[in-house]
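Colleague: Input query_33.cif, format and content: mmCIF, C-alpha atoms, pLDDT in the B column; chains and numbers go by the auth columns.
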data_structure
#
loop_
_atom_site.group_PDB
_atom_site.id
_atom_site.type_symbol
_atom_site.label_atom_id
_atom_site.label_comp_id
_atom_site.label_asym_id
_atom_site.label_seq_id
_atom_site.Cartn_x
_atom_site.Cartn_y
_atom_site.Cartn_z
_atom_site.B_iso_or_equiv
_atom_site.auth_seq_id
_atom_site.auth_asym_id
ATOM 1 C CA MET A 1 -10.763 96.873 141.466 68.00 282 A
ATOM 2 C CA LEU A 2 -10.221 94.623 144.439 74.00 283 A
ATOM 3 C CA LYS A 3 -7.580 95.672 146.982 80.00 284 A
ATOM 4 C CA LYS A 4 -4.647 93.299 147.261 84.00 285 A
ATOM 5 C CA LYS A 5 -5.506 92.282 150.836 85.00 286 A
ATOM 6 C CA PHE A 6 -8.872 90.961 149.588 85.00 287 A
ATOM 7 C CA ARG A 7 -7.317 88.790 146.874 87.00 288 A
ATOM 8 C CA LEU A 8 -6.599 85.122 147.284 88.00 289 A
ATOM 9 C CA THR A 9 -3.172 85.194 145.660 85.00 290 A
ATOM 10 C CA SER A 10 -1.174 82.132 146.629 85.00 291 A
ATOM 11 C CA ASP A 11 -1.534 79.003 144.586 86.00 292 A
ATOM 12 C CA ALA A 12 -1.353 76.854 147.728 86.00 293 A
ATOM 13 C CA SER A 13 -4.326 78.698 149.258 84.00 294 A
ATOM 14 C CA ARG A 14 -6.374 78.178 146.115 84.00 295 A
ATOM 15 C CA LYS A 15 -5.540 74.473 145.976 85.00 296 A
ATOM 16 C CA LYS A 16 -6.411 74.034 149.662 85.00 297 A
ATOM 17 C CA LEU A 17 -9.698 75.870 149.161 86.00 298 A
ATOM 18 C CA HIS A 18 -10.463 73.759 146.105 80.00 299 A
ATOM 19 C CA LYS A 19 -9.943 70.571 148.146 83.00 300 A
ATOM 20 C CA THR A 20 -11.487 71.514 151.490 82.00 301 A
ATOM 21 C CA GLY A 21 -14.063 74.206 150.699 83.00 302 A
ATOM 22 C CA VAL A 22 -17.805 73.782 150.401 85.00 303 A
ATOM 23 C CA ARG A 23 -18.471 73.601 146.664 86.00 304 A
ATOM 24 C CA THR A 24 -21.728 74.702 145.087 85.00 305 A
ATOM 25 C CA ARG A 25 -22.773 75.203 141.496 85.00 306 A
ATOM 26 C CA ILE A 26 -25.442 77.428 139.996 85.00 307 A
ATOM 27 C CA GLY A 27 -25.557 77.429 136.206 83.00 308 A
ATOM 28 C CA GLY A 28 -21.998 77.855 134.970 85.00 309 A
ATOM 29 C CA LEU A 29 -20.817 79.418 138.229 88.00 310 A
ATOM 30 C CA PHE A 30 -18.846 77.240 140.663 88.00 311 A
ATOM 31 C CA LEU A 31 -18.291 78.611 144.148 88.00 312 A
ATOM 32 C CA ASN A 32 -15.899 77.226 146.769 89.00 313 A
ATOM 33 C CA VAL A 33 -16.210 78.733 150.254 88.00 314 A
ATOM 34 C CA SER A 34 -14.090 78.032 153.308 87.00 315 A
ATOM 35 C CA LYS A 35 -13.302 79.767 156.603 85.00 316 A
ATOM 36 C CA ASN A 36 -9.991 81.563 156.960 85.00 317 A
ATOM 37 C CA ASP A 37 -7.957 82.923 159.871 86.00 318 A
ATOM 38 C CA VAL A 38 -7.241 86.289 158.257 86.00 319 A
ATOM 39 C CA GLY A 39 -10.397 88.015 159.512 84.00 320 A
ATOM 40 C CA HIS A 40 -11.625 89.368 156.189 86.00 321 A
ATOM 41 C CA VAL A 41 -12.889 87.997 152.902 86.00 322 A
ATOM 42 C CA ARG A 42 -10.389 86.898 150.244 88.00 323 A
ATOM 43 C CA VAL A 43 -11.568 86.266 146.692 89.00 324 A
ATOM 44 C CA ALA A 44 -10.199 84.572 143.586 90.00 325 A
ATOM 45 C CA VAL A 45 -12.025 84.442 140.246 92.00 326 A
ATOM 46 C CA ILE A 46 -10.969 81.938 137.605 90.00 327 A
ATOM 47 C CA LEU A 47 -12.031 82.186 133.971 91.00 328 A
ATOM 48 C CA GLY A 48 -10.205 79.883 131.611 88.00 329 A
ATOM 49 C CA LYS A 49 -9.638 80.092 127.887 89.00 330 A
ATOM 50 C CA LYS A 50 -12.687 77.904 127.341 87.00 331 A
ATOM 51 C CA TYR A 51 -14.761 80.932 128.317 88.00 332 A
ATOM 52 C CA ASP A 52 -13.112 83.119 125.662 87.00 333 A
ATOM 53 C CA ALA A 53 -9.665 83.113 124.110 90.00 334 A
ATOM 54 C CA ARG A 54 -9.414 86.906 124.406 92.00 335 A
ATOM 55 C CA ALA A 55 -8.042 88.144 127.728 93.00 336 A
ATOM 56 C CA CYS A 56 -9.988 91.419 127.506 94.00 337 A
ATOM 57 C CA LYS A 57 -13.305 89.501 127.476 92.00 338 A
ATOM 58 C CA ARG A 58 -12.240 87.303 130.400 92.00 339 A
ATOM 59 C CA ASN A 59 -11.077 90.302 132.435 93.00 340 A
ATOM 60 C CA ARG A 60 -14.310 92.189 131.798 94.00 341 A
ATOM 61 C CA GLN A 61 -16.318 89.204 133.029 93.00 342 A
ATOM 62 C CA LYS A 62 -14.070 88.886 136.099 92.00 343 A
ATOM 63 C CA ARG A 63 -14.698 92.525 136.992 92.00 344 A
ATOM 64 C CA VAL A 64 -18.477 92.005 136.739 93.00 345 A
ATOM 65 C CA ILE A 65 -18.326 88.909 138.967 92.00 346 A
ATOM 66 C CA ILE A 66 -16.101 90.588 141.580 89.00 347 A
ATOM 67 C CA GLU A 67 -18.323 93.678 141.687 91.00 348 A
ATOM 68 C CA ALA A 68 -21.426 91.511 142.157 90.00 349 A
ATOM 69 C CA LEU A 69 -19.693 89.530 144.904 87.00 350 A
ATOM 70 C CA SER A 70 -18.598 92.681 146.736 85.00 351 A
ATOM 71 C CA THR A 71 -22.212 93.866 146.987 84.00 352 A
ATOM 72 C CA VAL A 72 -23.377 90.481 148.279 83.00 353 A
ATOM 73 C CA VAL A 73 -20.657 89.626 150.823 81.00 354 A
ATOM 74 C CA SER A 74 -19.391 91.917 153.588 77.00 355 A
ATOM 75 C CA SER A 75 -15.646 92.647 153.551 71.00 356 A
ATOM 76 C CA GLN A 76 -15.451 91.541 157.218 73.00 357 A
ATOM 77 C CA ALA A 77 -16.544 88.009 156.348 76.00 358 A
ATOM 78 C CA PRO A 78 -13.768 85.612 157.470 85.00 359 A
ATOM 79 C CA PHE A 79 -14.004 83.428 154.360 86.00 360 A
ATOM 80 C CA ASP A 80 -12.022 82.505 151.303 88.00 361 A
ATOM 81 C CA ILE A 81 -14.136 82.408 148.154 89.00 362 A
ATOM 82 C CA LEU A 82 -13.023 80.856 144.871 90.00 363 A
ATOM 83 C CA ILE A 83 -15.287 81.450 141.879 91.00 364 A
ATOM 84 C CA SER A 84 -14.929 79.583 138.600 90.00 365 A
ATOM 85 C CA TYR A 85 -17.094 80.447 135.644 88.00 366 A
ATOM 86 C CA THR A 86 -17.294 77.836 132.928 83.00 367 A
ATOM 87 C CA SER A 87 -20.073 78.759 130.493 81.00 368 A
ATOM 88 C CA ALA A 88 -18.207 79.086 127.219 75.00 369 A
ATOM 89 C CA GLY A 89 -18.734 82.542 125.749 69.00 370 A
ATOM 90 C CA LYS A 90 -21.901 83.342 127.714 86.00 371 A
ATOM 91 C CA VAL A 91 -21.616 86.851 129.108 89.00 372 A
ATOM 92 C CA LEU A 92 -23.008 87.136 132.615 89.00 373 A
ATOM 93 C CA SER A 93 -24.599 90.492 133.422 92.00 374 A
ATOM 94 C CA TYR A 94 -24.141 92.166 136.793 93.00 375 A
ATOM 95 C CA LYS A 95 -27.729 91.339 137.787 94.00 376 A
ATOM 96 C CA ASP A 96 -27.409 87.669 136.786 91.00 377 A
ATOM 97 C CA ALA A 97 -24.016 87.337 138.478 91.00 378 A
ATOM 98 C CA LYS A 98 -25.399 88.794 141.704 91.00 379 A
ATOM 99 C CA GLN A 99 -28.404 86.435 141.668 91.00 380 A
ATOM 100 C CA GLN A 100 -26.269 83.366 140.979 89.00 381 A
ATOM 101 C CA ILE A 101 -23.745 84.260 143.685 88.00 382 A
ATOM 102 C CA GLU A 102 -26.542 84.797 146.238 87.00 383 A
ATOM 103 C CA LYS A 103 -28.087 81.416 145.352 87.00 384 A
ATOM 104 C CA ALA A 104 -24.712 79.672 145.548 85.00 385 A
ATOM 105 C CA LEU A 105 -23.933 81.217 148.951 83.00 386 A
ATOM 106 C CA ARG A 106 -27.337 80.150 150.275 82.00 387 A
ATOM 107 C CA LEU A 107 -26.592 76.602 149.124 81.00 388 A
ATOM 108 C CA ALA A 108 -23.167 76.761 150.764 77.00 389 A
ATOM 109 C CA GLN A 109 -24.866 77.750 154.042 73.00 390 A
ATOM 110 C CA ARG A 110 -26.733 74.452 154.078 72.00 391 A
ATOM 111 C CA HIS A 111 -23.518 72.435 153.996 65.00 392 A
ATOM 112 C CA ARG A 112 -21.866 72.194 157.367 50.00 393 A
ATOM 113 C CA THR A 113 -18.757 70.368 156.248 48.00 394 A
ATOM 114 C CA ASN A 114 -16.184 73.117 156.608 49.00 395 A
ATOM 115 C CA LEU A 115 -18.035 76.217 157.724 54.00 396 A
ATOM 116 C CA ASN A 116 -20.693 77.153 160.185 52.00 397 A
ATOM 117 C CA ALA A 117 -23.878 78.009 158.274 48.00 398 A
ATOM 118 C CA SER A 118 -25.029 80.642 160.745 51.00 399 A
ATOM 119 C CA THR A 119 -21.646 82.358 160.541 58.00 400 A
ATOM 120 C CA LEU A 120 -21.819 82.680 156.758 60.00 401 A
ATOM 121 C CA GLY A 121 -25.404 83.965 156.921 58.00 402 A
ATOM 122 C CA ARG A 122 -24.389 86.947 159.050 58.00 403 A
ATOM 123 C CA TYR A 123 -22.065 88.259 156.323 58.00 404 A
ATOM 124 C CA ILE A 124 -24.420 88.048 153.342 60.00 405 A
ATOM 125 C CA HIS A 125 -26.209 91.337 152.634 53.00 406 A
#
Let's see the structure in the file written out as structure tokens.
Modeller:
Amino acid sequence: MLKKKFRLTSDASRKKLHKTGVRTRIGGLFLNVSKNDVGHVRVAVILGKKYDARACKRNRQKRVIIEALSTVVSSQAPFDILISYTSAGKVLSYKDAKQQIEKALRLAQRHRTNLNASTLGRYIH
């Protein structure tokens, strides 16, 4: 379970991140990353009904993705991260989720639009 201070809760923050963040895609995983002024990482995971109509399946997949992200990114990273998973019905294991998140963060490092690549690299384990 993710502590409340590490959650990206406001709708306005998510919309801003969606518009201004560096967006990368690996498989069915979309990752938006942007710097924040809070001083620690904030995360939001979005899984729509296209993934699965049952909330219990979506929540289980969200927990796997958040756990994989927490092992990859340091909690002191000053970034907002929005993850969308779109592969309909395909269950992503912890190992696969971790690999895809690492690849997506490496791709996000290459883009210098909204974040400093060297800064992001320091916070990836």
Colleague: Using all atoms listed in the file, pick whichever of A:Ser315, A:Ser374, A:Ser365, A:Thr352 has the shortest atom-to-atom distance to Gly302 (chain A).
Modeller: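 Ranked by minimum distance to Gly302 (chain A), first place goes to A:Ser315.
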Colleague: Closest to Ala334 (chain A) among A:Arg391, A:Ala293, A:Ala369, A:Phe311, using all atoms listed in the file?
Modeller: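 Closest candidate: A:Ala369.
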Colleague: For a cut-off of 9 Å around (-14.7, 87.0, 154.4), file coordinates, pick out all residues using all atoms listed in the file and list them as a VMD selection string.
Modeller: chain A and resid 287 316 to 317 319 to 324 354 to 362 401 404
Colleague: Going by the chain IDs and residue numbers used in this file, which residues fall under the PyMOL selection byres ((chain A and resi 381) around 12)? Write them as a list in words.
Modeller: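 For this structure, the PyMOL selection byres ((chain A and resi 381) around 12) resolves to Thr305, Arg306, Ile307, Gly308, Gly309, Leu310, Phe311, Leu312, Ile346, Ala349, Leu350, Val353, Ile364, Tyr366, Leu373, Ser374, Tyr375, Lys376, Asp377, Ala378, Lys379, Gln380, Ile382, Glu383, Lys384, Ala385, Leu386, Arg387 and Leu388 of chain A.
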Colleague: Report the distance between CA of Lys300 (chain A) and CA of Asn313 (chain A) in Å, rounded to one decimal place.
Modeller: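 The value is 9.0 Å.
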Colleague: Work out how far CA of Tyr332 (chain A) is from CA of Thr367 (chain A), in Å to one decimal.
Modeller: 6.1 Å
Colleague: Extract, using only C-alpha atoms, all DNA, RNA and protein residues at most 9 Å from Lys343 (chain A), discarding same-chain residues fewer than 6 positions from it, and format them as a PyMOL selection string.
Modeller: chain A and resi 326-328+366
Colleague: Could those selected residues go to a file with C-alpha atoms, as a tab-separated table (two decimals), in the coordinates of the input?
Modeller:
chain	number	residue	atom	x	y	z
A	326	VAL	CA	-12.02	84.44	140.25
A	327	ILE	CA	-10.97	81.94	137.60
A	328	LEU	CA	-12.03	82.19	133.97
A	366	TYR	CA	-17.09	80.45	135.64
Colleague: Grab the CA of Lys284 (chain A) to CA of Gln342 (chain A) distance for me, in Å with one decimal place.
Modeller: 17.7 Å
Colleague: May I have the protein, DNA and RNA residues with an atom at most 9 Å from (-4.1, 87.0, 141.9), counting all atoms listed in the file in the file's coordinates, returned as a PDB file with C-alpha atoms, in the frame of the given file?
Modeller:
ATOM      1  CA  LYS A 285      -4.647  93.299 147.261  1.00 84.00           C
ATOM      2  CA  ARG A 288      -7.317  88.790 146.874  1.00 87.00           C
ATOM      3  CA  LEU A 289      -6.599  85.122 147.284  1.00 88.00           C
ATOM      4  CA  THR A 290      -3.172  85.194 145.660  1.00 85.00           C
ATOM      5  CA  SER A 291      -1.174  82.132 146.629  1.00 85.00           C
ATOM      6  CA  ASP A 292      -1.534  79.003 144.586  1.00 86.00           C
ATOM      7  CA  VAL A 324     -11.568  86.266 146.692  1.00 89.00           C
ATOM      8  CA  ALA A 325     -10.199  84.572 143.586  1.00 90.00           C
ATOM      9  CA  VAL A 326     -12.025  84.442 140.246  1.00 92.00           C
TER      10      VAL A 326
END
Colleague: For His299 (chain A), work out the shell of residues within 9 Å, counting all atoms listed in the file and skipping chain neighbours fewer than 5 positions away, then give it as a list in words.
Modeller: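 Final neighbour list, sorted by chain and number: Ser294, Arg304, Asn313, Val314 and Leu363 of chain A.
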Colleague: Restrict the selected residues to C-alpha atoms and save them as a PDB file, in the coordinates of the input.
Modeller:
ATOM      1  CA  SER A 294      -4.326  78.698 149.258  1.00 84.00           C
ATOM      2  CA  ARG A 304     -18.471  73.601 146.664  1.00 86.00           C
ATOM      3  CA  ASN A 313     -15.899  77.226 146.769  1.00 89.00           C
ATOM      4  CA  VAL A 314     -16.210  78.733 150.254  1.00 88.00           C
ATOM      5  CA  LEU A 363     -13.023  80.856 144.871  1.00 90.00           C
TER       6      LEU A 363
END
Colleague: Taking all atoms of region 290-299 of chain A that the file lists, what box with edges along x, y and z, padded by 6 Å per side, do you get, with centre and edge lengths in Å to one decimal, as lines of an AutoDock Vina configuration file?
Modeller:
center_x = -5.8
center_y = 79.5
center_z = 147.1
size_x = 21.3
size_y = 23.4
size_z = 17.1
Colleague: Determine the nearest neighbour of Lys330 (chain A) from the options A:Lys286, A:Ser368, A:Ala389, A:Arg295, counting only C-alpha atoms.
Modeller: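 Of A:Lys286, A:Ser368, A:Ala389, A:Arg295, the one nearest Lys330 (chain A), counting only C-alpha atoms, is A:Ser368.
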Colleague: So, with only C-alpha atoms as the atoms that count, which of A:Arg339, A:Arg344, A:Lys371, A:Lys297 lies closest to Leu283 (chain A)?
Modeller: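 Going through A:Arg339, A:Arg344, A:Lys371, A:Lys297 one by one, the smallest distance to Leu283 (chain A) is for A:Arg344.
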